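Below: one structure, written as structure tokens.
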Amino acid sequence: MTVEFAPFIPWIAIGILSVLAVLLLTLGLFRSVRGTVIRFAASAAVLAALANPLLLQEDREALTTVVPVIVDRSQSQQIAGRAEQTDRALEGLRDRLSRFGNIEPRIVEVTDPATSDAPSTKLFEALNAAITDVPPARIGGAIFLTDGQVHDIPGENQPLPFNAPVHGLVTGKADEFDRRIEILRAPRFGIVNEEQELTFRVFDDGKASDQPADVTVKMNGEDIGALNAVPGAETSFAFKVPRGGNNVLEFSVAGTPGEVTDVNNRAIHLIEGIRENLRVLLVSGEPHAGERAWRNLLKSDASVDLVHFTILRPPEKQDGTPINELSLIAFPTRELFVEKINDFDLIIFDRYQHRGVLPILYYDYIAEYVRNGGALLIAAGPEHAGEDSIALTPLATVLPASPTGDMHEAGFYPRLSEQGKRHPVTRGLDGSAVEPPQWGRWFRSVDVDQTTGETVMTADDGRPLLVLNRANEGRVAMLLSDQGWLWARGFEGGGPHVSLYRRIAHWLMKEPELEEEALKARATGRTMEVTRQTIGDAPGSATITTPSGQTESLNLAEIQPGLYRGERRMTETGLFTVTNGDFSTLVHVGAVDSPEFRAMVSTTETLAGVTGKSRGLLTRLDDGEAGLRLPDILPVRGDIRIADDRRMLIRLTDETVLKGVNTLPLFAGFAGLGILLLAVSAMWWREGR
């Protein structure tokens, strides 16, 4: 209770009257005037009534003590029975805290953030978010239910937002062991077929070991090496990037008996393959309008080194001109087709015919070059149907079509075949979606039979126009017309010659994006996108294997002929395996160096600094006998100065909330009137004597 004043007149007036009363008291006492004290008492009573004293009584309600309970539900908590331990401990905490009516528990369950590419366990961030609306004085303590793998622990000089104990209840077992592998240093980019080096390390968390660990290395799902690595020591590995674009390098270390999980026994590194300039040999059998289209296309590509020869003077031409007067150079046949043939990524014969320029044996060399992985493109004209056709040489063993000797000369629209509508080389060519196609006509084509491979474009009456085929390790394409230059010149509106020629060349050089049968997967944040490319029937659904070993099905919908796609938002992060039929691919969701998978052994070391500084309790829940050891809760008043090694201390708050105020005027009513009458009566009585 408190006393306050609500004066009826200004305080300055009351002060002046009080000074006058004191002066009169002093004067009366000095002159020994009878009744001076009684007069002063009456004056004081009147002044007190004017000051209007009030007796105030506050009605307050005690506030509860807030105890946040932060529950770790990250991926590391889903292994080795930790989830069951967590559930049982949380149930026990709810029961024990409910016994105290003045304690308000706040349960906060922390999962891996769905928007994060690099998941980590941020329990202190969750703690701060849970108590933003609570004054620090009301926080009685905090309880962390975790495996100890926390990635946002405050530093030594970073204070907690409240002055109360922080307790840690650690799941898992004290003698846990885990083997894991981490990539320490690796290039992000690499030139295709040039040697690169990567450094990794195998860790044995929980126990020291000097026994070598078996490590298997895969590139894009194919084994490329195996080696032994000493745990704790850095190990180097040399490799070559096999292709341009994205490459997945996977390291797998053999598991050991008793380890808590094998989720982190694999590590991947993504490396972008960069091609050196592709070397292309273009041989034109004679000058014609179409060779400029090929030359302009290849010269405009900065990634292509073009070597172009045009046969202007065949050996059989004898006009008596002395050799020393010719401004032509001799065709370096041996250098190109014997000594350096394997240096070329693609060989193009553009309206070339066998007229003795190349020895017959050299065609066998070219066929062998194709079978060993080379690429050959035949852009055929009328000469391919003649008696000097290169289809009558040993090169015929790798050609997908044989000429009949006839030429068809009539205007026609090049059309996509049913396979061509699904094949990535011709699928979606501009102008192909309507009938007739929105491009210009061609006027002649070579008639062939006995075709193999895929006929993706046709001439009139369904005759093959563009045939693609594989020959052992290599690839061959035959364009059975020399009229593509009409599109380049804009005849009848032209056509997509640049796109068509470029796709043919890139398919021949094994560009992954143009594979007929392919399964690809990529991740954007937590969203996985799976693409299946096929020229066959619908591939059905894909199967996704998560890092935890669970499988789920993903439906693939056709978005273009021969192209199927599906996507899904993943809750886990790590390395996923996607399969469809005989095809399989890997994709990593989230950052490849996610903190959540670096260490998964339960530990008390990470929280020891925070619990010790705040005088909290840090203990394991496991009692060593498949039971649960949950410490008692002890509420205390005042600041906590020492820690209890058996109980979790909770500092009870003294905070209250004001519910109302009761006011009692001291000089109001009969009490005030009685005091004044008593003072005046006493003064009158004294004066009457």
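Going by the structure tokens order, chains are called A, B, ..., each with residues numbered from 1, while ligands are numbered from 1 in the order shown.
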
Give the strand (DSSP E) residues of range 101-323 of chain A, as assigned by DSSP on the backbone, as an MDAnalysis selection string.
-> chainID A and resid 103:110 142:146 166:170 178:185 189:191 195:205 213:219 222:229 234:240 245:253 266:274 278:284 304:310

List the neighbours of range 555-567 of chain A out to 6 Å using only C-alpha atoms; skip same-chain residues closer than 5 positions along the sequence, and give me the result as a list of chain:residue names.
-> A:Arg422, A:Met528, A:Glu529, A:Val530, A:Thr531, A:Arg532, A:Gln533, A:Thr534, A:Ile535, A:Ser541

Distance of CA of Ser417 in chain A from CA of Arg470 in chain A, expressed in Å to one decimal place | 18.6 Å

Just how far from CA of Leu54 in chain A is CA of Leu664 in chain A, in Å to one decimal?
->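 Computing it gives 5.5 Å between the two atoms.
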
Straight-line distance linking CA of Leu630 in chain A with CA of Asp645 in chain A, stated in Å to one decimal |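 That distance, rounded to one decimal, is 12.6 Å.
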
Counting only C-alpha atoms, which of A:Arg243, A:Lys510, A:His167, A:Arg444 gets nearest to Leu607 in chain A?
->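 Going through A:Arg243, A:Lys510, A:His167, A:Arg444 one by one, the smallest distance to Leu607 in chain A is for A:His167.
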
Can you work out which one of A:Phe5, A:Asn102, A:Met509, A:Val69 has the shortest atom-to-atom distance to Pro53 in chain A, counting only C-alpha atoms?
->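 Of the candidates, the smallest distance to Pro53 in chain A is held by A:Phe5.
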
Nearby residues (only C-alpha atoms) at most 9 Å from Ala367 in chain A, same-chain spacing under 4 positions excluded, as a tab-separated table (two decimals) with C-alpha atoms, in the first residue's frame:
```tsv
chain	number	residue	atom	x	y	z
A	362	TYR	CA	42.64	-44.55	-96.07
A	363	TYR	CA	38.89	-45.16	-96.12
A	371	ARG	CA	34.50	-47.43	-84.69
A	372	ASN	CA	36.98	-46.25	-82.03
A	374	GLY	CA	35.18	-40.77	-83.85
A	376	LEU	CA	31.66	-38.72	-89.30
A	394	PRO	CA	35.61	-49.63	-97.19
A	395	LEU	CA	33.90	-46.66	-95.53
A	396	ALA	CA	30.59	-48.41	-96.33
A	397	THR	CA	31.07	-50.63	-93.27
A	398	VAL	CA	30.10	-47.72	-90.98
A	399	LEU	CA	27.57	-45.90	-93.18
```

If you run DSSP over the backbone, which residues in range 108-171 of chain A end up alpha helix (DSSP H)? Put them as a ChimeraX atom specification.
-> /A:123-130
